[in-house]
>>> print(open('upload-v6.csv').read())   # CSV, C-alpha atoms
chain,number,residue,atom,x,y,z
J,1,MET,CA,-11.0,-34.2,-10.7
J,2,ARG,CA,-11.8,-33.6,-7.0
J,3,HIS,CA,-8.9,-31.1,-6.9
J,4,ILE,CA,-10.3,-29.1,-9.8
J,5,LEU,CA,-13.7,-28.9,-8.1
J,6,LEU,CA,-12.2,-27.9,-4.8
J,7,LEU,CA,-10.1,-25.2,-6.5
J,8,ALA,CA,-13.1,-23.9,-8.3
J,9,MET,CA,-15.1,-23.6,-5.1
J,10,VAL,CA,-12.2,-21.9,-3.3
J,11,PHE,CA,-11.5,-19.3,-6.0
J,12,SER,CA,-15.2,-18.5,-6.4
J,13,ALA,CA,-15.4,-17.5,-2.7
J,14,PHE,CA,-12.7,-14.8,-2.9
J,15,HIS,CA,-13.5,-11.2,-3.6
J,16,PRO,CA,-11.1,-8.3,-4.0
J,17,ALA,CA,-10.6,-6.3,-0.8
J,18,TYR,CA,-10.5,-2.5,-0.8
J,19,ALA,CA,-9.6,-0.2,2.1
J,20,ASP,CA,-12.6,1.4,3.8
J,21,GLY,CA,-15.0,0.5,1.0
J,22,GLY,CA,-13.3,1.9,-2.0
J,23,ARG,CA,-10.7,1.4,-4.7
J,24,LEU,CA,-7.6,3.5,-4.7
J,25,ARG,CA,-7.8,6.0,-7.5
J,26,LEU,CA,-5.4,8.7,-6.7
J,27,HIS,CA,-2.4,9.2,-4.4
J,28,GLU,CA,-0.8,12.6,-5.2
J,29,PRO,CA,1.0,15.5,-3.6
J,30,ALA,CA,-1.1,18.7,-3.2
J,31,GLY,CA,1.0,21.5,-1.9
J,32,SER,CA,2.1,20.6,1.6
J,33,PHE,CA,-0.4,17.7,1.7
J,34,MET,CA,-0.5,14.2,0.3
J,35,VAL,CA,-4.0,13.3,-0.9
J,36,THR,CA,-5.4,9.8,-1.4
J,37,LEU,CA,-8.7,9.2,-3.1
J,38,PHE,CA,-10.8,6.0,-2.8
J,39,THR,CA,-14.0,5.5,-4.9
J,40,SER,CA,-16.8,3.1,-4.6
J,41,PRO,CA,-18.4,1.2,-6.3
J,42,ASP,CA,-15.9,-0.7,-8.4
J,43,PRO,CA,-16.0,-0.4,-11.3
J,44,LEU,CA,-17.1,3.2,-11.0
J,45,ALA,CA,-20.4,3.6,-13.0
J,46,GLN,CA,-23.1,6.2,-13.5
J,47,GLY,CA,-25.4,6.4,-10.5
J,48,GLN,CA,-24.6,6.4,-6.7
J,49,ALA,CA,-21.0,7.0,-5.9
J,50,ASP,CA,-18.8,7.5,-2.8
J,51,PHE,CA,-15.6,9.5,-3.1
J,52,SER,CA,-13.5,9.2,0.1
J,53,VAL,CA,-10.4,11.3,0.7
J,54,ALA,CA,-7.5,10.9,3.1
J,55,VAL,CA,-5.3,13.9,3.7
J,56,GLU,CA,-1.8,13.7,5.2
J,57,GLN,CA,1.0,16.1,5.9
J,58,ARG,CA,3.4,15.6,3.1
J,59,ASP,CA,6.6,15.9,5.2
J,60,SER,CA,5.5,14.1,8.4
J,61,ALA,CA,2.9,11.7,7.0
J,62,GLY,CA,0.6,12.6,9.9
J,63,LEU,CA,-3.1,12.7,9.2
J,64,VAL,CA,-4.9,16.0,8.7
J,65,GLU,CA,-8.4,15.7,10.1
J,66,ASP,CA,-9.5,19.3,10.1
J,67,ALA,CA,-8.9,20.3,6.5
J,68,ASP,CA,-11.6,21.5,4.1
J,69,VAL,CA,-11.7,19.1,1.1
J,70,THR,CA,-13.5,20.1,-2.1
J,71,LEU,CA,-13.8,17.8,-5.1
J,72,ILE,CA,-14.5,19.3,-8.6
J,73,LEU,CA,-15.6,17.0,-11.3
J,74,THR,CA,-15.8,18.3,-14.9
J,75,PRO,CA,-16.9,16.1,-17.8
J,76,ILE,CA,-14.3,16.1,-20.6
J,77,ASP,CA,-16.8,15.8,-23.4
J,78,GLY,CA,-18.7,19.0,-22.2
J,79,ASN,CA,-22.0,17.1,-21.7
J,80,GLY,CA,-23.4,18.1,-18.3
J,81,ALA,CA,-22.6,20.5,-15.6
J,82,ARG,CA,-19.5,20.6,-13.4
J,83,LEU,CA,-20.0,19.1,-10.0
J,84,VAL,CA,-18.5,20.8,-6.9
J,85,LEU,CA,-18.6,18.5,-3.9
J,86,HIS,CA,-17.6,19.2,-0.3
J,87,ALA,CA,-16.3,16.2,1.6
J,88,SER,CA,-17.1,15.7,5.2
J,89,HIS,CA,-16.4,13.2,8.0
J,90,SER,CA,-20.1,12.5,8.5
J,91,GLY,CA,-20.4,10.4,5.4
J,92,ALA,CA,-17.1,8.6,5.7
J,93,THR,CA,-16.6,5.0,6.8
J,94,SER,CA,-13.5,5.9,8.9
J,95,ARG,CA,-12.6,8.9,11.0
J,96,PHE,CA,-9.5,9.3,8.9
J,97,LEU,CA,-11.5,9.9,5.8
J,98,GLN,CA,-13.7,12.6,4.4
J,99,ALA,CA,-16.4,11.5,2.0
J,100,ALA,CA,-18.8,12.9,-0.6
J,101,ASN,CA,-21.7,10.7,-1.4
J,102,PHE,CA,-23.5,11.8,-4.6
J,103,THR,CA,-25.0,10.7,-7.9
J,104,LEU,CA,-22.8,10.6,-11.1
J,105,PRO,CA,-25.2,11.9,-13.8
J,106,HIS,CA,-23.6,10.3,-16.8
J,107,SER,CA,-20.8,8.1,-18.0
J,108,GLY,CA,-17.5,9.2,-19.7
J,109,VAL,CA,-14.2,10.6,-18.7
J,110,TRP,CA,-14.2,13.2,-16.0
J,111,ASP,CA,-11.5,15.7,-14.9
J,112,LEU,CA,-11.1,15.5,-11.2
J,113,THR,CA,-9.5,18.3,-9.1
J,114,ILE,CA,-9.2,18.0,-5.3
J,115,VAL,CA,-8.6,21.2,-3.3
J,116,VAL,CA,-7.4,20.9,0.3
J,117,GLN,CA,-7.3,23.9,2.6
J,118,GLN,CA,-6.2,24.0,6.2
J,119,GLY,CA,-5.8,27.5,7.5
J,120,ILE,CA,-3.7,29.4,5.0
J,121,ALA,CA,-2.2,26.3,3.5
J,122,VAL,CA,-3.9,25.3,0.2
J,123,GLY,CA,-3.1,22.3,-2.0
J,124,ARG,CA,-4.5,21.1,-5.2
J,125,CYS,CA,-4.1,17.9,-7.3
J,126,SER,CA,-5.9,16.6,-10.3
J,127,GLY,CA,-6.4,13.5,-12.4
J,128,GLN,CA,-9.0,11.8,-14.6
J,129,ILE,CA,-11.5,9.1,-13.8
J,130,ASP,CA,-13.5,6.8,-16.1
J,131,VAL,CA,-17.2,6.4,-15.3
J,132,LEU,CA,-18.9,3.4,-17.0
J,133,PRO,CA,-22.5,3.4,-18.2
J,134,HIS,CA,-25.1,2.2,-15.7
J,135,ARG,CA,-25.4,-1.5,-15.6
J,136,LEU,CA,-28.1,-3.7,-14.1
J,137,PHE,CA,-25.6,-6.2,-12.6
J,138,ALA,CA,-22.2,-5.2,-11.5
J,139,ASP,CA,-19.3,-7.4,-12.6
J,140,GLN,CA,-18.9,-8.9,-9.1
J,141,ILE,CA,-22.5,-9.9,-8.9
J,142,ALA,CA,-22.4,-11.4,-12.4
J,143,TRP,CA,-19.4,-13.5,-11.5
J,144,GLU,CA,-21.1,-14.7,-8.3
J,145,ILE,CA,-24.2,-15.7,-10.3
J,146,ALA,CA,-22.1,-17.4,-13.0
J,147,ALA,CA,-20.1,-19.4,-10.4
J,148,VAL,CA,-23.0,-21.6,-9.4
J,149,PRO,CA,-23.7,-23.1,-12.8
J,150,PHE,CA,-20.0,-23.5,-13.4
J,151,ILE,CA,-19.6,-25.6,-10.2
J,152,VAL,CA,-22.7,-27.6,-11.1
J,153,VAL,CA,-21.3,-28.4,-14.6
J,154,LEU,CA,-18.0,-29.4,-13.1
J,155,PHE,CA,-19.8,-31.7,-10.7
J,156,GLY,CA,-21.8,-33.2,-13.6
J,157,ILE,CA,-18.6,-33.8,-15.6
J,158,HIS,CA,-17.0,-35.5,-12.5
J,159,GLN,CA,-20.0,-37.8,-12.1
J,160,LEU,CA,-20.1,-38.7,-15.8
J,161,ARG,CA,-16.4,-39.6,-15.8
J,162,LYS,CA,-16.7,-41.5,-12.6
J,163,ARG,CA,-19.6,-43.7,-13.8
J,164,PRO,CA,-17.7,-45.8,-16.5
J,165,TYR,CA,-15.0,-46.6,-13.9
J,166,GLN,CA,-17.5,-47.9,-11.4
J,167,LEU,CA,-19.2,-50.1,-14.1
J,168,SER,CA,-15.8,-51.7,-15.1
J,169,ILE,CA,-15.0,-52.6,-11.5
J,170,ARG,CA,-18.4,-54.5,-11.0
J,171,GLN,CA,-17.9,-56.7,-14.0
>>> encode(input="upload-v6.csv", output="structure tokens")
Amino acid sequence: MRHILLLAMVFSAFHPAYADGGRLRLHEPAGSFMVTLFTSPDPLAQGQADFSVAVEQRDSAGLVEDADVTLILTPIDGNGARLVLHASHSGATSRFLQAANFTLPHSGVWDLTIVVQQGIAVGRCSGQIDVLPHRLFADQIAWEIAAVPFIVVLFGIHQLRKRPYQLSIRQ
């Protein structure tokens, strides 16, 4: 029983790790570039969001730090306006990324187009992202809150199972 309690405590302490504060959402070629998109929070929900983009040369895999990066988000259901965001190094968590910090106005599926321009070279890639409705507690916080009662219950079960064994030894 001690092993189960120990395992429960160990696994409740682990959290998924994401590179530079986001989850990998897109890794696509865009003309002569390779574009990688990270988003935060995870899961992506209505409200504050961070889209971080890394741009590399497609043939040499060298980072491109001086490209202009534009993100265009269009709701598929037609509700709401199209968002045009310009990513910059100032909002990024790493000098290798360009970020756009903004507010997602509503949930649903969004078409995403990333346009990268460096000099005369222009690349474009696209995909779709799912945005969940706004929630009071994120999944990660809910699991952290639920872990404490779970551990207390496991400890209580352990104590109850241990008690009859101690009584039989004394007699």
>>> closest_residue(input="upload-v6.csv", among="J:Leu132, J:Ala121, J:Val109, J:Ala45", to="Leu73 (chain J)", atoms="only C-alpha atoms")
J:Val109
>>> residues_around(input="upload-v6.csv", residues="Phe33 (chain J)", least_positions_apart="4", cutoff="12 Å", atoms="all atoms listed in the file", output="list in words")
His27, Glu28, Pro29, Val53, Ala54, Val55, Glu56, Gln57, Arg58, Asp59, Ser60, Ala61, Gly62, Leu63, Val64, Glu65, Ala67, Val69, Ile114, Val115, Val116, Gln117, Gln118, Ala121, Val122, Gly123, Arg124 and Cys125 of chain J
>>> closest_residue(input="upload-v6.csv", among="J:Ala147, J:Leu104, J:Ser52, J:Ile120", to="Ser90 (chain J)", atoms="only C-alpha atoms")
J:Ser52
>>> atom_distance(input="upload-v6.csv", atom1="CA of Ile129 (chain J)", atom2="CA of Leu97 (chain J)")
19.6 Å
>>> atom_distance(input="upload-v6.csv", atom1="CA of Arg25 (chain J)", atom2="CA of Gly119 (chain J)")
26.3 Å
>>> atom_distance(input="upload-v6.csv", atom1="CA of Pro75 (chain J)", atom2="CA of Ala49 (chain J)")
15.5 Å
>>> residues_around(input="upload-v6.csv", residues="Gln46 (chain J)", least_positions_apart="6", cutoff="6 Å", atoms="only C-alpha atoms", output="ChimeraX atom specification")
/J:104,106-107,133-134
